[in-house]
Structure formats: C-alpha cells, structure tokens
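Trainee: Here it is: the structure, laid out below.
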Amino acid sequence: MNVINPATEQIIATLAEDNAQTLQTKWERLKTAQPLWQAHPLEERIAVVQKFSALLETNKEQLAHVLTSEVGKPLAQSRNEINGAISRINWLTQNAAKYLGDEVMTETADLEERISYEPLGVVVNISAWNYPYLVGVNVFVPALLAGNAVLYKPSEYASLTGLEIERLWIQAGLNEDLFVAAIGTGNVGAILLDMPFDGYFFTGSYKTGQFIYNKVAAKMVPCQCELGGKDPLYVTDDVADINAVAAGTADGAFYNNGQSCCSVERIYVHEKNYDAYVAAFEKEVQSWKTGDPTEDGVYFGPLTRKDQIAVLEAQVADALQKGAKIITGGKRQEGKGYYFQPTILIEVTSDMQVMKDESFGPIIGIMKVKNDAEALAQMRDTEYGLTASVYSSDQQRAAVLLQQVNAGSGYWNCCDRVSAALPWSGRNHSGFGATLSHAGLRAFTKPKGYHLRKG
Ligand code: NAD
C-alpha cells in the first residue's frame, strides 16, 4: 500500500497490508495477553498511559512532521493536535480511578450491593484520518485503562501515524501484544468484522458506520459509531461584536480545511446582521494563507484525499445551478497537490447539497434568516446530529434553541470544540454511544452487579 503526500502527490512510503492470516495471528496475541493486563492494578495501567503521553510530548516535532506528510494539515495544526491528545490523556488518567473503580451502591448491616467495571476483552478500533491522535486517544486510551487489549486499525490515510502510535506504546512499556496496529484499506477493516472481537469502536463516515453496525449486529457485542455531521450554526441579531463572531466562526468552519467531524457546515445569520457578518467572514478567510503545509503561517494545506475534490466541485455546481452565488473560491487549485480554494456561498437554499450533505472541505453556505423560528427549523432540518451552535448575548435565548436541536453537543458562543470532560457523542446519522467523559471511560467496560449478603 502506497502512502502519498497530498501536498506533493509523491509516494513517501510503501507498507505491507495485513490480510486474514496476519490479522488472525494479531488477534491471538491480543487474546492471550489481555487477561494479564486486566489483572494489573489500575495504577500500573495509568502509569503506562502517562509514559505514553510523556513520549508524545518529547517526540512531538517528529510526530507532527509525519502527520503533516501523510494528511497534509499545516504543521502548527499537527502540533496542536498532539497537544490536544496529551491534554485529553491527562483528564482520562486523572479520572480513571473515579469512574473505573468499584462502586458500592448499598451498604447495610447484612447486605452490600456493588458495581464492578470489567473490561470488554479484546476490542477493535477502526479509525479515521482527520485527527488520528485525537479520535485514536478517545478510544484506545480508555480501552487500555479499563484493562482491554486493542487492535488499532488506523485509516489508510494515516497509517504512518498509526505505526508511530504503536511504537510509542511499546516504548512506554506496554506489552507489545496489548496494542497492535493493523495496516490497510477498508478491505482490511472488513475482515475485522468477521473476527470475534469483544467490542467494535468505529470513527468514520455514516456509510461505513452503517455497514459495520449491520455486519457486527449478530455478534451481540458492544458497537459504537462516531460518524459525520452537518453541523449548523446560528448568529442571532443581538451579538455584541459581529467581527469577532465572524472571525471565530470562520475558523470553526475552515480549521483543518473543514475536515473535522464537528466543523461548522451550515451557517444561518439573522437578517439584521447578515451583510456585516458575510463581509467580516470573507475578510477573515481572505487573510489566511494557502500553501505548503510545512511552511510557517500557512492555514490551508491540501485536502487529505484526492477524491474529495470532486465531491466539493459537485456541491458547488449543484449550488450554482440552484441559484447560489460564490463570494470567493469555488475551484480546485492548479498545480501539484490536492488543493481546493476556500469557498463561501451565499443565497443558498436548504435543498442544495452544500446545505444537506457533509462537505468535509473548505466550503460553506451562509443563509439569511428572519427570526429564531426560521433558524431553528433550518438547524433541525438534517439527518445528522453531532453538534449545533448559537451565538447570542442572551444565554436563555440560546438555551431554548439548543434544547430543541437533536445533537450530541450544544455550543453557546463557541463552536468546533471538544472537551475531555464532556461526552462526545452523535445522534441519528452521526452515530451513537459516547467517548470521553465518565461515559467514555466506561464505554469499554461491562458492569457487573454484585449482591453480597453478609453472613
Ligand atoms: P471512512 O468511513 O471512509 O473510513 C474510516 C475507517 O473505516 C478507515 O479506517 C477505513 O479503512 C475503514 N473502512 C472503510 N470501509 C470499511 C469497511 N467496509 N469495513 C470496515 N472498515 C472500513 O471515513 P474517513 O474518510 O476515514 O473519515 C471521515 C469521516 O469520519 C467523516 O464523515 C467525519 O465526519 C467522520 N469523523 C467522525 C468523528 C466523530 O467523532 N464523530 C471524528 C472524526 C471523523
């Protein structure tokens, strides 16, 4: 399997893909090692995870370069991603004892009722490429803390990073049979679905998530899907500083080239603020530099996948044909690399693909709305349910709106944000289950209820 640098289109590595036989051997290693890991005291498991985190810190520069070389994100954003992973690990390790330890629920003279959180066993993590450290850490860190063994299948677009992660676990002192990477495309992922894992944890697209959920249903083991989104954002008429709101929300739409599951994907603006918002939004986007992602100051690198260029072109063509106007961008960029111009569309309508289907690129539609009722109807008009955001100086006004949107995260005066302390969780086509928070620590366990009658 060739690894291609999306900025240069050059092959930077060739890796051997796994197959049914090598995967079976890897599974057997994990299966044998897992019970011993489960038997380790939690504090020892936490210590290994902390060592891994320290290695992310000391190796950050080299890891950031590897990540940028295969996914094309600007180096500064690669460093940020690793910093974010370290801070999530901090929260998870600091809270592991609280949420993974036994809980005594009832204690009387003759009865104790207790919950014990047992690991699932050998779990598989089929992962995405857009934030391999962040979405990876969400799964494999709590899984290992809870006493599981992990087969980690990085995306084929982030395989070098997957191998770096495997190397760092071994360097951190984890037995090499407890975290094993599987290299390959979706075909390798599909083989894993026929194997007897004790839990399936998937991050990726709705289409693949639906396939995986269907395929593993008969096994009756936990399956979690963290999928895509079409995340709406509403700017009301009472925001204090429209320029600051435009700048912050433009970043929410275009950070990592719009390739975030929680990128702002649709913007609705109250008519009173519409013109000022659009002008400030455009000014902000025009101020960002596009170029070689290893160069300082570059905000837009190439897209990670060449195929996505055609998706964005189709969304632009569909929007223009249905009456939208382009303010800036709209085309792929000439020359080497998978570059697409940052694109802003106005006069958009809800039947346009750009307002319905996940774009996963540097493209945004901005729609004018008359009032909160119209904004709410638009925000709710989606099959996805990952995040939703409202900008207003009135918290109560935002709360009323956010309560009525069926999404896993609600943002007031912020967007495109993840916190380790809160559940990260989708609804409808954005998936189900949760990572992060106490829910994400316990997602890799099965609770056992002990009824202990004394004497
Ligand atoms: P993808 O669905 O194309 O691939 C994800 C993983 O699934 C890869 O490792 C791939 O090799 C594997 N895969 C593909 N086909 C398979 C099959 N038939 N059987 C088993 N495995 C298979 O998604 P992607 O392009 O890597 O990621 C982008 C998507 O992920 C976007 O929709 C994005 O919104 C979503 N995402 C969601 C979250 C979240 O937390 N909700 C986070 C990051 C990305």
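The way I read the labels, and the way they are meant: chains A, B, ... in the order of the structure tokens, residue 1 as the first residue of every chain, and ligand 1 as the first ligand shown, with later ones counted on from there.
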What do you get as a count of residues only if you pick all residues at most 8 Å from ligand 1, counting only C-alpha atoms and all ligand atoms?
Mentor: 49
Trainee: Near stretch 298-311 of chain A, within 6 Å and counting only C-alpha atoms, which residues show up once chain neighbours fewer than 3 positions away are dropped, as JSON, numbers by chain?
Mentor: {"A": [6, 7, 71, 72, 73, 74, 257, 288, 289, 290, 291, 293, 314, 338, 339]}
Trainee: What is the atom CA of A:Leu151 to atom CA of A:Glu61 distance in Å?
Mentor: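 Straight-line distance from atom CA of A:Leu151 to atom CA of A:Glu61 works out to 26.0 Å.
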Trainee: Name the residues in contact with A:Gly147 at a cut-off of 10 Å, using only C-alpha atoms, excluding same-chain residues fewer than 3 positions from it; report them as an NGL selection string.
Mentor: :A and (34-42 or 45 or 100 or 117-122 or 142-144 or 150 or 178 or 444-445)
Trainee: Using only C-alpha atoms, which residue out of A:Asn428, A:Thr68, A:Thr249, A:Gln395 lies closest to A:Gln210?
Mentor: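 Answer, going by the shortest atom-to-atom distance: A:Asn428.
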Trainee: Among the residues of stretch 110-339 of chain A, find those DSSP assigns to alpha helix (DSSP H) from the backbone and print them as a ChimeraX atom specification.
Mentor: /A:132-145,159-171,186-192,206-216,242-254,274-286,307-321
Trainee: Residues near A:Lys283, anyone? I mean within 12 Å using only C-alpha atoms, not counting same-chain ones fewer than 4 positions away, as a PyMOL selection string.
Mentor: chain A and resi 243-244+246-247+250+276-279+287-288+327-328+344
Trainee: A:Leu312: which residues within 9 Å, counting only C-alpha atoms, same-chain residues fewer than 4 positions away excluded, as a ChimeraX atom specification?
Mentor: /A:308,316-317,330-332,340,354,359-363
Trainee: Just to be explicit: take each residue in the selection above, keep C-alpha atoms, and write the result as a PDB file, in the first residue's frame.
Mentor:
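Written file, out35.pdb:
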```
ATOM      1  CA  GLN A 308     -12.913  14.837  -2.038  1.00  0.00           C
ATOM      2  CA  VAL A 316     -20.512  23.956  -5.888  1.00  0.00           C
ATOM      3  CA  ALA A 317     -22.042  23.075  -9.285  1.00  0.00           C
ATOM      4  CA  GLY A 330     -15.237  27.557  -5.903  1.00  0.00           C
ATOM      5  CA  LYS A 331     -12.489  25.664  -7.710  1.00  0.00           C
ATOM      6  CA  ARG A 332      -9.642  23.232  -7.276  1.00  0.00           C
ATOM      7  CA  PHE A 340      -9.233  23.375  -3.134  1.00  0.00           C
ATOM      8  CA  VAL A 354     -23.904  22.019   0.319  1.00  0.00           C
ATOM      9  CA  SER A 359     -18.844  18.621   2.724  1.00  0.00           C
ATOM     10  CA  PHE A 360     -15.717  17.778   4.727  1.00  0.00           C
ATOM     11  CA  GLY A 361     -13.778  20.502   2.969  1.00  0.00           C
ATOM     12  CA  PRO A 362     -13.145  24.266   2.857  1.00  0.00           C
ATOM     13  CA  ILE A 363     -16.603  25.251   1.689  1.00  0.00           C
TER      14      ILE A 363
END
```
Trainee: Please identify all polymer residues within 9 Å of A:Leu233, counting only C-alpha atoms, omitting same-chain residues fewer than 4 positions from it, and present them as a compact mmCIF listing (two decimals) with N, CA and C atoms, in the first residue's frame.
Mentor:
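Full text of around.txt as output:
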```txt
# COMPACT_ATOMS: atom_id res chain seq x y z
N THR A 249 -16.14 32.05 13.95
CA THR A 249 -16.94 31.01 13.30
C THR A 249 -16.32 30.60 11.95
N VAL A 264 -18.12 23.54 11.48
CA VAL A 264 -19.37 24.22 11.14
C VAL A 264 -19.61 23.96 9.65
N GLU A 265 -20.77 23.40 9.33
CA GLU A 265 -21.04 23.04 7.93
C GLU A 265 -22.15 23.87 7.29
N ARG A 266 -22.94 24.57 8.14
CA ARG A 266 -24.03 25.41 7.58
C ARG A 266 -24.17 26.60 8.52
N ILE A 267 -24.30 27.79 7.96
CA ILE A 267 -24.41 28.98 8.82
C ILE A 267 -25.71 29.72 8.49
N TYR A 268 -26.43 30.08 9.56
CA TYR A 268 -27.66 30.87 9.42
C TYR A 268 -27.43 32.17 10.19
N VAL A 269 -27.75 33.29 9.55
CA VAL A 269 -27.50 34.59 10.19
C VAL A 269 -28.77 35.43 10.14
N MET A 379 -31.99 24.57 11.32
CA MET A 379 -31.00 23.80 12.08
C MET A 379 -31.46 22.35 12.27
N THR A 387 -23.25 18.28 16.41
CA THR A 387 -23.20 19.49 17.22
C THR A 387 -24.11 20.56 16.62
N ALA A 388 -24.41 21.57 17.43
CA ALA A 388 -25.15 22.74 16.95
C ALA A 388 -24.71 23.93 17.79
N SER A 389 -24.72 25.12 17.18
CA SER A 389 -24.15 26.27 17.85
C SER A 389 -25.03 27.51 17.68
N VAL A 390 -25.14 28.29 18.77
CA VAL A 390 -25.90 29.54 18.71
C VAL A 390 -25.04 30.66 19.29
N TYR A 391 -24.93 31.75 18.55
CA TYR A 391 -24.23 32.94 19.04
C TYR A 391 -25.27 34.00 19.38
N TYR A 411 -23.45 24.25 21.60
CA TYR A 411 -22.44 25.29 21.85
C TYR A 411 -23.10 26.66 21.95
N CYS A 415 -17.83 27.08 19.00
CA CYS A 415 -18.15 26.04 18.01
C CYS A 415 -16.92 25.17 17.80
```
Trainee: List every residue of stretch 147-277 of chain A that DSSP, applied to the backbone, labels as strand (DSSP E or B), and write the result as a ChimeraX atom specification.
Mentor: /A:149-153,179-181,199-203,223-226,231-235,264-270
Trainee: So which one's closest to A:Arg167, A:Val3, A:Ile366, A:Ile46, A:Ala181? Using only C-alpha atoms, please.
Mentor: A:Ala181
Trainee: Tell me which protein, DNA and RNA residues are within 12 Å of A:Trp91, counting only C-alpha atoms, leaving out same-chain ones fewer than 6 positions away, and put them as a list in words.
Mentor: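 The residues that qualify are Ile46, Val49, Gln50, Ser53, Gly84, Ala85, Ala97, Lys98, Tyr99, Val137, Asn138, Val141, Pro142, Ser419, Ala420, Ala421, Leu422, Leu436, Ser437, His438, Gly440 and Leu441 of chain A.
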Trainee: Rounded to one decimal place, report the atom CA of A:Tyr234-atom CA of A:Asp318 distance in Å.
Mentor: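 Computing it gives 23.3 Å between the two atoms.
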Trainee: Looking at only C-alpha atoms, which of A:Leu92, A:Val66, A:Leu55, A:Ala218 is the one that sits closest to A:Leu145?
Mentor: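 Checking each of A:Leu92, A:Val66, A:Leu55, A:Ala218 against A:Leu145, counting only C-alpha atoms, the winner is A:Leu92.
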Trainee: Using only C-alpha atoms for the distances, tell me which of A:Ile86, A:Val139, A:Ile165, A:Val235 is nearest to A:Val369.
Mentor: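 Nearest candidate to A:Val369 out of A:Ile86, A:Val139, A:Ile165, A:Val235: A:Val235.
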Trainee: What does the structure give for the distance between atom CA of A:Val348 and atom CA of A:Ala240, in Å to one decimal?
Mentor: 25.7 Å
